[in-house]
file input.cif (mmCIF, C-alpha atoms)
data_coords
#
loop_
_atom_site.group_PDB
_atom_site.id
_atom_site.type_symbol
_atom_site.label_atom_id
_atom_site.label_comp_id
_atom_site.auth_asym_id
_atom_site.auth_seq_id
_atom_site.Cartn_x
_atom_site.Cartn_y
_atom_site.Cartn_z
ATOM 1 C CA MET A 4 137.030 61.440 -66.346
ATOM 2 C CA SER A 5 137.082 62.948 -62.861
ATOM 3 C CA ILE A 6 139.587 65.691 -62.073
ATOM 4 C CA GLN A 7 141.343 63.370 -59.674
ATOM 5 C CA ALA A 8 141.767 60.793 -62.446
ATOM 6 C CA LEU A 9 143.000 63.543 -64.765
ATOM 7 C CA PHE A 10 145.653 64.594 -62.226
ATOM 8 C CA ASP A 11 146.648 60.959 -61.764
ATOM 9 C CA SER A 12 147.069 60.516 -65.499
ATOM 10 C CA ILE A 13 149.146 63.725 -65.662
ATOM 11 C CA GLN A 14 151.451 62.364 -62.983
ATOM 12 C CA HIS A 15 151.784 59.076 -64.883
ATOM 13 C CA SER A 16 152.123 60.645 -68.338
ATOM 14 C CA ALA A 17 155.157 60.258 -70.546
ATOM 15 C CA LEU A 18 156.049 63.928 -69.933
ATOM 16 C CA SER A 19 155.963 63.355 -66.185
ATOM 17 C CA THR A 20 158.186 60.295 -66.456
ATOM 18 C CA SER A 21 160.720 62.134 -68.572
ATOM 19 C CA ILE A 22 160.816 65.049 -66.104
ATOM 20 C CA THR A 23 161.286 62.635 -63.198
ATOM 21 C CA ARG A 24 164.176 60.939 -65.035
ATOM 22 C CA LEU A 25 166.021 64.259 -65.418
ATOM 23 C CA ASP A 26 168.845 65.196 -63.106
ATOM 24 C CA HIS A 27 167.883 66.903 -59.803
ATOM 25 C CA LEU A 28 169.702 69.936 -61.144
ATOM 26 C CA PHE A 29 166.680 70.606 -63.380
ATOM 27 C CA GLY A 30 164.410 70.645 -60.337
ATOM 28 C CA ALA A 31 166.597 73.347 -58.798
ATOM 29 C CA LEU A 32 166.659 75.256 -62.093
ATOM 30 C CA ALA A 33 162.845 75.166 -62.231
ATOM 31 C CA GLN A 34 162.701 76.669 -58.712
ATOM 32 C CA LEU A 35 165.160 79.390 -59.753
ATOM 33 C CA ALA A 36 163.175 80.151 -62.920
ATOM 34 C CA HIS A 37 160.012 80.354 -60.825
ATOM 35 C CA ILE A 38 161.480 82.952 -58.433
ATOM 36 C CA THR A 39 163.004 84.933 -61.339
ATOM 37 C CA GLY A 40 159.620 85.016 -63.069
ATOM 38 C CA LEU A 41 157.992 86.105 -59.808
ATOM 39 C CA ILE A 42 160.386 89.057 -59.508
ATOM 40 C CA PHE A 43 159.785 90.237 -63.094
ATOM 41 C CA LEU A 44 155.999 89.850 -62.943
ATOM 42 C CA LEU A 45 155.402 91.275 -59.461
ATOM 43 C CA SER A 46 157.790 94.200 -59.751
ATOM 44 C CA SER A 47 156.279 95.214 -63.121
ATOM 45 C CA ILE A 48 152.826 95.074 -61.538
ATOM 46 C CA VAL A 49 154.126 97.097 -58.574
ATOM 47 C CA LEU A 50 155.712 99.737 -60.818
ATOM 48 C CA VAL A 51 152.553 100.383 -62.846
ATOM 49 C CA ASN A 52 150.147 100.101 -59.906
ATOM 50 C CA LEU A 53 152.166 102.533 -57.784
ATOM 51 C CA ARG A 54 151.690 104.992 -60.623
ATOM 52 C CA LEU A 55 147.941 104.264 -60.829
ATOM 53 C CA LEU A 56 147.704 104.913 -57.074
ATOM 54 C CA GLY A 57 149.697 108.145 -57.455
ATOM 55 C CA PHE A 58 152.543 106.849 -55.235
ATOM 56 C CA GLY A 59 155.427 106.954 -57.691
ATOM 57 C CA LEU A 60 156.588 108.163 -61.125
ATOM 58 C CA THR A 61 153.626 110.521 -61.263
ATOM 59 C CA GLN A 62 155.392 112.702 -63.876
ATOM 60 C CA GLN A 63 155.151 109.810 -66.345
ATOM 61 C CA PRO A 64 151.978 108.843 -68.226
ATOM 62 C CA VAL A 65 150.430 105.539 -67.120
ATOM 63 C CA THR A 66 150.193 104.366 -70.742
ATOM 64 C CA LYS A 67 153.951 104.732 -71.196
ATOM 65 C CA LEU A 68 154.844 102.831 -68.023
ATOM 66 C CA ALA A 69 152.376 100.076 -68.906
ATOM 67 C CA ARG A 70 153.836 99.787 -72.416
ATOM 68 C CA SER A 71 157.435 99.579 -71.232
ATOM 69 C CA THR A 72 156.671 96.943 -68.581
ATOM 70 C CA THR A 73 154.522 94.699 -70.828
ATOM 71 C CA ARG A 74 157.468 92.652 -72.078
ATOM 72 C CA PHE A 75 158.708 92.086 -68.516
ATOM 73 C CA ILE A 76 155.224 90.953 -67.447
ATOM 74 C CA TRP A 77 155.192 88.450 -70.342
ATOM 75 C CA LEU A 78 158.725 87.320 -69.610
ATOM 76 C CA GLY A 79 157.849 86.797 -65.938
ATOM 77 C CA PHE A 80 154.599 85.035 -66.740
ATOM 78 C CA ALA A 81 156.268 82.718 -69.251
ATOM 79 C CA LEU A 82 159.027 81.789 -66.780
ATOM 80 C CA LEU A 83 156.435 81.174 -64.054
ATOM 81 C CA ALA A 84 154.116 79.105 -66.254
ATOM 82 C CA ILE A 85 156.813 76.875 -67.781
ATOM 83 C CA SER A 86 158.679 76.284 -64.504
ATOM 84 C CA GLY A 87 155.333 75.887 -62.711
ATOM 85 C CA LEU A 88 154.246 73.098 -65.071
ATOM 86 C CA PHE A 89 157.657 71.490 -64.712
ATOM 87 C CA ILE A 90 157.239 71.449 -60.905
ATOM 88 C CA PHE A 91 153.552 70.431 -61.009
ATOM 89 C CA VAL A 92 153.423 67.616 -63.595
ATOM 90 C CA PRO A 93 155.599 65.010 -61.810
ATOM 91 C CA ALA A 94 153.729 65.554 -58.520
ATOM 92 C CA ALA A 95 150.174 66.270 -59.709
ATOM 93 C CA ASN A 96 148.549 63.971 -57.133
ATOM 94 C CA ILE A 97 150.219 65.816 -54.244
ATOM 95 C CA TYR A 98 148.832 69.116 -55.543
ATOM 96 C CA TYR A 99 145.353 67.664 -56.016
ATOM 97 C CA VAL A 100 144.920 67.240 -52.248
ATOM 98 C CA ASN A 101 146.535 70.593 -51.352
ATOM 99 C CA PRO A 102 143.765 73.185 -50.731
ATOM 100 C CA PHE A 103 146.098 76.097 -51.476
ATOM 101 C CA PHE A 104 146.844 74.713 -54.924
ATOM 102 C CA TRP A 105 143.156 75.239 -55.733
ATOM 103 C CA ILE A 106 143.052 78.645 -54.038
ATOM 104 C CA LYS A 107 146.104 79.666 -56.069
ATOM 105 C CA ALA A 108 144.508 78.361 -59.292
ATOM 106 C CA GLN A 109 141.303 80.338 -58.683
ATOM 107 C CA LEU A 110 143.206 83.515 -57.770
ATOM 108 C CA LEU A 111 145.316 83.076 -60.913
ATOM 109 C CA VAL A 112 142.231 82.879 -63.111
ATOM 110 C CA MET A 113 140.857 86.051 -61.464
ATOM 111 C CA ALA A 114 144.191 87.888 -61.768
ATOM 112 C CA VAL A 115 144.495 87.034 -65.471
ATOM 113 C CA ILE A 116 140.908 88.202 -66.096
ATOM 114 C CA VAL A 117 141.560 91.502 -64.269
ATOM 115 C CA GLN A 118 144.842 91.850 -66.159
ATOM 116 C CA LEU A 119 143.158 91.428 -69.556
ATOM 117 C CA THR A 120 140.137 93.603 -68.792
ATOM 118 C CA LEU A 121 140.309 96.329 -66.099
ATOM 119 C CA TYR A 122 144.099 96.630 -65.988
ATOM 120 C CA ARG A 123 144.384 96.737 -69.778
ATOM 121 C CA TRP A 124 141.617 99.317 -69.952
ATOM 122 C CA VAL A 125 142.968 101.752 -67.347
ATOM 123 C CA THR A 126 146.529 101.458 -68.655
ATOM 124 C CA THR A 127 145.616 102.160 -72.276
ATOM 125 C CA THR A 128 143.259 105.060 -71.575
ATOM 126 C CA ASN A 129 144.922 108.442 -71.239
ATOM 127 C CA THR A 130 142.621 109.756 -68.528
ATOM 128 C CA PRO A 131 140.894 106.822 -66.818
ATOM 129 C CA ASN A 132 138.401 107.490 -64.054
ATOM 130 C CA PRO A 133 140.703 107.966 -61.003
ATOM 131 C CA ILE A 134 138.528 105.854 -58.716
ATOM 132 C CA LEU A 135 138.444 103.029 -61.256
ATOM 133 C CA ALA A 136 142.206 103.319 -61.772
ATOM 134 C CA LYS A 137 142.928 103.137 -58.028
ATOM 135 C CA SER A 138 140.477 100.259 -57.451
ATOM 136 C CA THR A 139 142.064 98.343 -60.309
ATOM 137 C CA ALA A 140 145.523 98.899 -58.796
ATOM 138 C CA VAL A 141 144.416 97.643 -55.366
ATOM 139 C CA LEU A 142 142.663 94.632 -56.923
ATOM 140 C CA SER A 143 145.607 93.786 -59.170
ATOM 141 C CA LEU A 144 148.179 94.077 -56.356
ATOM 142 C CA SER A 145 146.011 92.049 -53.937
ATOM 143 C CA LEU A 146 145.417 89.262 -56.447
ATOM 144 C CA TRP A 147 149.016 88.866 -57.638
ATOM 145 C CA PHE A 148 150.485 89.035 -54.126
ATOM 146 C CA SER A 149 147.850 86.584 -52.833
ATOM 147 C CA ILE A 150 148.948 84.185 -55.570
ATOM 148 C CA GLY A 151 152.507 84.507 -54.281
ATOM 149 C CA ILE A 152 151.395 83.882 -50.686
ATOM 150 C CA SER A 153 149.297 80.847 -51.716
ATOM 151 C CA GLY A 154 152.250 79.486 -53.647
ATOM 152 C CA ARG A 155 154.413 79.741 -50.550
ATOM 153 C CA ILE A 156 151.769 78.005 -48.421
ATOM 154 C CA ILE A 157 151.507 75.161 -50.992
ATOM 155 C CA GLY A 158 155.162 74.427 -50.285
ATOM 156 C CA PHE A 159 154.578 74.318 -46.535
ATOM 157 C CA LEU A 160 151.590 71.974 -46.788
ATOM 158 C CA ASN A 161 153.136 69.531 -49.272
ATOM 159 C CA MET B 12 182.419 83.200 -28.434
ATOM 160 C CA SER B 13 183.025 81.524 -31.773
ATOM 161 C CA LEU B 14 180.651 81.767 -34.705
ATOM 162 C CA ILE B 15 179.492 78.176 -34.198
ATOM 163 C CA GLU B 16 178.801 78.888 -30.522
ATOM 164 C CA PHE B 17 176.994 82.090 -31.370
ATOM 165 C CA SER B 18 174.791 80.367 -33.957
ATOM 166 C CA GLN B 19 174.068 77.586 -31.438
ATOM 167 C CA PHE B 20 173.163 80.267 -28.882
ATOM 168 C CA LEU B 21 170.721 81.904 -31.327
ATOM 169 C CA TYR B 22 169.310 78.544 -32.412
ATOM 170 C CA ASP B 23 168.665 77.467 -28.807
ATOM 171 C CA SER B 24 167.324 80.860 -27.704
ATOM 172 C CA GLU B 25 163.645 81.218 -26.868
ATOM 173 C CA THR B 26 163.020 83.506 -29.851
ATOM 174 C CA GLY B 27 164.858 81.287 -32.319
ATOM 175 C CA THR B 28 163.058 78.168 -31.118
ATOM 176 C CA ALA B 29 159.668 79.901 -31.072
ATOM 177 C CA ILE B 30 160.029 81.084 -34.697
ATOM 178 C CA ARG B 31 161.310 77.708 -35.889
ATOM 179 C CA GLU B 32 158.579 75.692 -34.213
ATOM 180 C CA SER B 33 155.679 78.017 -34.895
ATOM 181 C CA LEU B 34 153.099 76.729 -37.331
ATOM 182 C CA PHE B 35 152.321 80.153 -38.793
ATOM 183 C CA VAL B 36 155.077 82.616 -37.848
ATOM 184 C CA PHE B 37 157.843 80.849 -39.759
ATOM 185 C CA PRO B 38 155.906 80.565 -43.050
ATOM 186 C CA ILE B 39 154.772 84.198 -42.733
ATOM 187 C CA ILE B 40 158.331 85.430 -42.203
ATOM 188 C CA GLU B 41 159.592 83.321 -45.102
ATOM 189 C CA GLY B 42 156.704 84.512 -47.292
ATOM 190 C CA LEU B 43 157.496 88.159 -46.526
ATOM 191 C CA HIS B 44 161.187 87.525 -47.196
ATOM 192 C CA LEU B 45 160.242 86.103 -50.611
ATOM 193 C CA LEU B 46 157.538 88.532 -51.714
ATOM 194 C CA SER B 47 159.361 91.718 -50.666
ATOM 195 C CA LEU B 48 161.776 90.780 -53.460
ATOM 196 C CA ALA B 49 159.212 92.389 -55.771
ATOM 197 C CA LEU B 50 159.987 95.754 -54.138
ATOM 198 C CA SER B 51 163.673 95.453 -53.285
ATOM 199 C CA VAL B 52 165.420 93.453 -56.005
ATOM 200 C CA GLY B 53 162.572 93.862 -58.512
ATOM 201 C CA LEU B 54 162.624 97.659 -58.466
ATOM 202 C CA ILE B 55 166.407 97.821 -58.325
ATOM 203 C CA VAL B 56 166.444 95.671 -61.497
ATOM 204 C CA PHE B 57 164.334 98.340 -63.230
ATOM 205 C CA THR B 58 166.727 101.120 -62.166
ATOM 206 C CA ASP B 59 169.665 98.963 -63.325
ATOM 207 C CA LEU B 60 167.966 98.426 -66.683
ATOM 208 C CA ARG B 61 167.591 102.205 -66.956
ATOM 209 C CA LEU B 62 171.288 102.671 -66.136
ATOM 210 C CA ILE B 63 172.326 100.267 -68.895
ATOM 211 C CA GLY B 64 169.893 101.966 -71.284
ATOM 212 C CA TRP B 65 167.341 99.162 -71.714
ATOM 213 C CA PHE B 66 164.310 100.632 -69.950
ATOM 214 C CA LEU B 67 162.491 103.999 -70.051
ATOM 215 C CA ARG B 68 165.418 105.591 -71.887
ATOM 216 C CA ASP B 69 163.642 108.952 -72.189
ATOM 217 C CA VAL B 70 162.943 109.217 -68.441
ATOM 218 C CA PRO B 71 165.763 110.965 -66.525
ATOM 219 C CA ALA B 72 167.626 108.347 -64.458
ATOM 220 C CA SER B 73 167.497 110.640 -61.424
ATOM 221 C CA GLN B 74 163.693 110.719 -61.612
ATOM 222 C CA LEU B 75 163.433 106.938 -61.677
ATOM 223 C CA LEU B 76 165.944 106.584 -58.816
ATOM 224 C CA ARG B 77 164.218 109.244 -56.712
ATOM 225 C CA GLU B 78 160.660 108.020 -57.266
ATOM 226 C CA LEU B 79 161.417 104.343 -56.672
ATOM 227 C CA ARG B 80 163.877 104.793 -53.800
ATOM 228 C CA PRO B 81 161.365 104.848 -50.879
ATOM 229 C CA TRP B 82 159.644 101.656 -52.137
ATOM 230 C CA LEU B 83 162.882 99.951 -52.935
ATOM 231 C CA LEU B 84 164.410 100.806 -49.547
ATOM 232 C CA GLY B 85 161.168 99.768 -47.822
ATOM 233 C CA GLY B 86 161.472 96.399 -49.560
ATOM 234 C CA PHE B 87 165.073 96.037 -48.383
ATOM 235 C CA VAL B 88 164.090 96.915 -44.790
ATOM 236 C CA VAL B 89 161.472 94.119 -44.789
ATOM 237 C CA GLN B 90 164.019 91.791 -46.383
ATOM 238 C CA PHE B 91 166.673 92.647 -43.794
ATOM 239 C CA ILE B 92 164.374 92.236 -40.759
ATOM 240 C CA THR B 93 162.832 88.970 -41.993
ATOM 241 C CA GLY B 94 166.318 87.759 -42.980
ATOM 242 C CA ILE B 95 167.607 88.312 -39.438
ATOM 243 C CA LEU B 96 164.582 86.480 -37.989
ATOM 244 C CA LEU B 97 165.097 83.535 -40.367
ATOM 245 C CA PHE B 98 168.781 83.424 -39.413
ATOM 246 C CA TRP B 99 167.833 83.529 -35.735
ATOM 247 C CA ALA B 100 165.631 80.452 -36.202
ATOM 248 C CA LEU B 101 167.989 78.452 -38.424
ATOM 249 C CA ALA B 102 171.437 79.789 -37.452
ATOM 250 C CA THR B 103 173.275 76.500 -36.851
ATOM 251 C CA LYS B 104 171.935 75.025 -40.092
ATOM 252 C CA VAL B 105 172.736 77.921 -42.404
ATOM 253 C CA VAL B 106 176.222 78.772 -41.089
ATOM 254 C CA GLU B 107 177.306 75.366 -42.378
ATOM 255 C CA LEU B 108 176.219 76.185 -45.931
ATOM 256 C CA PRO B 109 178.874 77.860 -48.130
ATOM 257 C CA ILE B 110 176.047 79.273 -50.265
ATOM 258 C CA PHE B 111 174.832 81.312 -47.269
ATOM 259 C CA TRP B 112 178.224 83.009 -46.960
ATOM 260 C CA ILE B 113 178.391 83.553 -50.708
ATOM 261 C CA LYS B 114 175.036 85.323 -50.464
ATOM 262 C CA LEU B 115 176.208 87.585 -47.610
ATOM 263 C CA VAL B 116 179.464 88.504 -49.372
ATOM 264 C CA VAL B 117 177.634 89.330 -52.609
ATOM 265 C CA ILE B 118 175.085 91.503 -50.729
ATOM 266 C CA LEU B 119 178.090 93.368 -49.320
ATOM 267 C CA LEU B 120 179.530 93.756 -52.844
ATOM 268 C CA ALA B 121 176.173 95.036 -54.112
ATOM 269 C CA GLY B 122 176.147 97.569 -51.264
ATOM 270 C CA LEU B 123 179.683 98.709 -52.108
ATOM 271 C CA ASN B 124 178.628 99.061 -55.753
ATOM 272 C CA VAL B 125 175.781 101.379 -54.654
ATOM 273 C CA LEU B 126 178.201 103.479 -52.564
ATOM 274 C CA TRP B 127 180.677 103.702 -55.429
ATOM 275 C CA PHE B 128 177.902 104.640 -57.840
ATOM 276 C CA GLU B 129 176.531 107.359 -55.530
ATOM 277 C CA PHE B 130 180.011 108.741 -54.883
ATOM 278 C CA LYS B 131 181.207 108.663 -58.485
ATOM 279 C CA TRP B 132 178.021 109.374 -60.491
ATOM 280 C CA GLY B 133 175.204 110.244 -58.120
ATOM 281 C CA ARG B 134 176.748 113.580 -57.169
ATOM 282 C CA ARG B 135 176.976 114.821 -60.761
ATOM 283 C CA VAL B 136 173.795 113.223 -61.966
ATOM 284 C CA SER B 137 172.786 116.336 -63.921
ATOM 285 C CA GLU B 138 175.688 115.798 -66.378
ATOM 286 C CA TRP B 139 174.472 112.399 -67.643
ATOM 287 C CA ASP B 140 170.926 112.256 -66.379
ATOM 288 C CA THR B 141 169.006 112.778 -69.611
ATOM 289 C CA GLN B 142 171.291 110.757 -71.895
ATOM 290 C CA SER B 143 169.350 107.787 -73.205
ATOM 291 C CA THR B 144 172.588 105.798 -73.175
ATOM 292 C CA PRO B 145 174.440 106.681 -69.974
ATOM 293 C CA PRO B 146 178.269 106.904 -69.682
ATOM 294 C CA LYS B 147 180.337 103.707 -69.477
ATOM 295 C CA GLY B 148 180.879 103.915 -65.729
ATOM 296 C CA VAL B 149 177.153 104.232 -65.067
ATOM 297 C CA LYS B 150 176.430 101.259 -67.345
ATOM 298 C CA LEU B 151 179.085 99.256 -65.553
ATOM 299 C CA ALA B 152 177.468 100.001 -62.182
ATOM 300 C CA GLY B 153 174.110 98.888 -63.620
ATOM 301 C CA TRP B 154 175.523 95.636 -64.994
ATOM 302 C CA ALA B 155 177.393 94.946 -61.744
ATOM 303 C CA SER B 156 174.223 95.530 -59.730
ATOM 304 C CA LEU B 157 172.214 93.173 -61.980
ATOM 305 C CA ALA B 158 174.868 90.475 -61.683
ATOM 306 C CA PHE B 159 175.185 90.833 -57.895
ATOM 307 C CA TRP B 160 171.439 90.691 -57.264
ATOM 308 C CA ILE B 161 170.973 87.691 -59.550
ATOM 309 C CA ILE B 162 173.615 85.830 -57.517
ATOM 310 C CA VAL B 163 171.941 86.948 -54.256
ATOM 311 C CA VAL B 164 168.510 85.671 -55.353
ATOM 312 C CA VAL B 165 169.882 82.399 -56.733
ATOM 313 C CA SER B 166 171.990 81.678 -53.649
ATOM 314 C CA GLY B 167 169.122 82.727 -51.385
ATOM 315 C CA ARG B 168 166.744 80.303 -53.088
ATOM 316 C CA LEU B 169 169.318 77.526 -52.833
ATOM 317 C CA ILE B 170 169.639 77.926 -49.029
ATOM 318 C CA PRO B 171 166.362 76.101 -48.211
ATOM 319 C CA TYR B 172 166.869 73.803 -51.206
ATOM 320 C CA LEU B 173 170.219 72.579 -49.900
ATOM 321 C CA GLN B 174 169.224 72.693 -46.256
ATOM 322 C CA TYR B 175 166.113 70.536 -46.482
ATOM 323 C CA LYS B 176 167.779 67.926 -48.681
#

call {"tool": "encode", "arguments": {"input": "input.cif", "output": "structure tokens"}}
result
Amino acid sequence: MSIQALFDSIQHSALSTSITRLDHLFGALAQLAHITGLIFLLSSIVLVNLRLLGFGLTQQPVTKLARSTTRFIWLGFALLAISGLFIFVPAANIYYVNPFFWIKAQLLVMAVIVQLTLYRWVTTTNTPNPILAKSTAVLSLSLWFSIGISGRIIGFLN
Amino acid sequence: MSLIEFSQFLYDSETGTAIRESLFVFPIIEGLHLLSLALSVGLIVFTDLRLIGWFLRDVPASQLLRELRPWLLGGFVVQFITGILLFWALATKVVELPIFWIKLVVILLAGLNVLWFEFKWGRRVSEWDTQSTPPKGVKLAGWASLAFWIIVVVSGRLIPYLQYK
């Protein structure tokens, strides 16, 4: 099955039909959940990366800040993923032709990989190589904020 | 000049029209207004969570406030400037939305909460600073701030939602 056919079948799936049948209120709630998730995820990333860059909370160990923000990162990611699917499924065909949907998807894959490898490594090591720590922070911030920008552009192109 | 006339004046102005009709400037301004939330509201949420005793309980509240303040205020500056530009471009449309006025009033309340907090607790921060569970008044200010900013974000997101419908 081609990807286009896959997207078409997602849009015409039973899940899609049941989402479409829901009240418009749920559409608004999905948008609100998406922005709430964005705030939790991005601000957690900002808090830890500022520390990695030496721009804030330098008296606190990186490992501690990373540990205390983990649950907010997961909370944000869960809100974003669930509300994102809710917004995507009923309109899959519109997203298929939107170039920034694909840019966002690729950036998301990269951000998750960085999050699970480099970011995890420098935030669980007590004295990570400072250059590696700072590069990771720049990479992590650039990726997650680019995802936010792409998401905004998707809305303008749709 | 009435408010309706003033918003019409802004809407029809060269700057307002240019922002509204620009292919790139409008999305960029809106994008900045959205993403700077990560600094402004996002970081204030973390300080609020500290004040209610749910986050970094063993870090002195004053340290968290002091270290995050420049970033948080920077976020609010971006938010304020981009907010004014968005208003400039869409004035006549948003003044008709009750949700827009709700948002402004609640921002004002959040600001008053900050002033009250600074006046009442900020000046004698050393007395409660290292307590993992801060005094009732401090907690109240934290809860109030959380509630106000949630309403601001929700009403802010509903402005384009209601306007484009």

call {"tool": "closest_atom_pairs", "arguments": {"input": "input.cif", "of": "chain B", "to": "chain A", "cutoff": "6 Å", "atoms": "only C-alpha atoms", "output": "tab-separated table"}}
result
residue	atom	partner	partner_atom	distance
B:Ala49	CA	A:Ser46	CA	4.6
B:Gly53	CA	A:Ser46	CA	5.0
B:Glu78	CA	A:Gly59	CA	5.4

call {"tool": "atom_distance", "arguments": {"input": "input.cif", "atom1": "atom CA of A:Gly40", "atom2": "atom CA of A:Leu78"}}
result
7.0 Å

call {"tool": "atom_distance", "arguments": {"input": "input.cif", "atom1": "atom CA of A:Phe29", "atom2": "atom CA of A:Gly79"}}
result
18.6 Å

call {"tool": "residues_around", "arguments": {"input": "input.cif", "residues": "B:Asp69", "least_positions_apart": "3", "cutoff": "8 Å", "atoms": "only C-alpha atoms", "output": "PDB file with C-alpha atoms, in the frame of the given file"}}
result
ATOM      1  CA  THR B 141     169.006 112.778 -69.611  1.00  0.00           C
ATOM      2  CA  GLN B 142     171.291 110.757 -71.895  1.00  0.00           C
ATOM      3  CA  SER B 143     169.350 107.787 -73.205  1.00  0.00           C
TER       4      SER B 143
END

call {"tool": "closest_residue", "arguments": {"input": "input.cif", "among": "B:Lys147, B:Arg168, B:Arg80, B:Lys114", "to": "B:Phe57", "atoms": "only C-alpha atoms"}}
result
B:Arg80
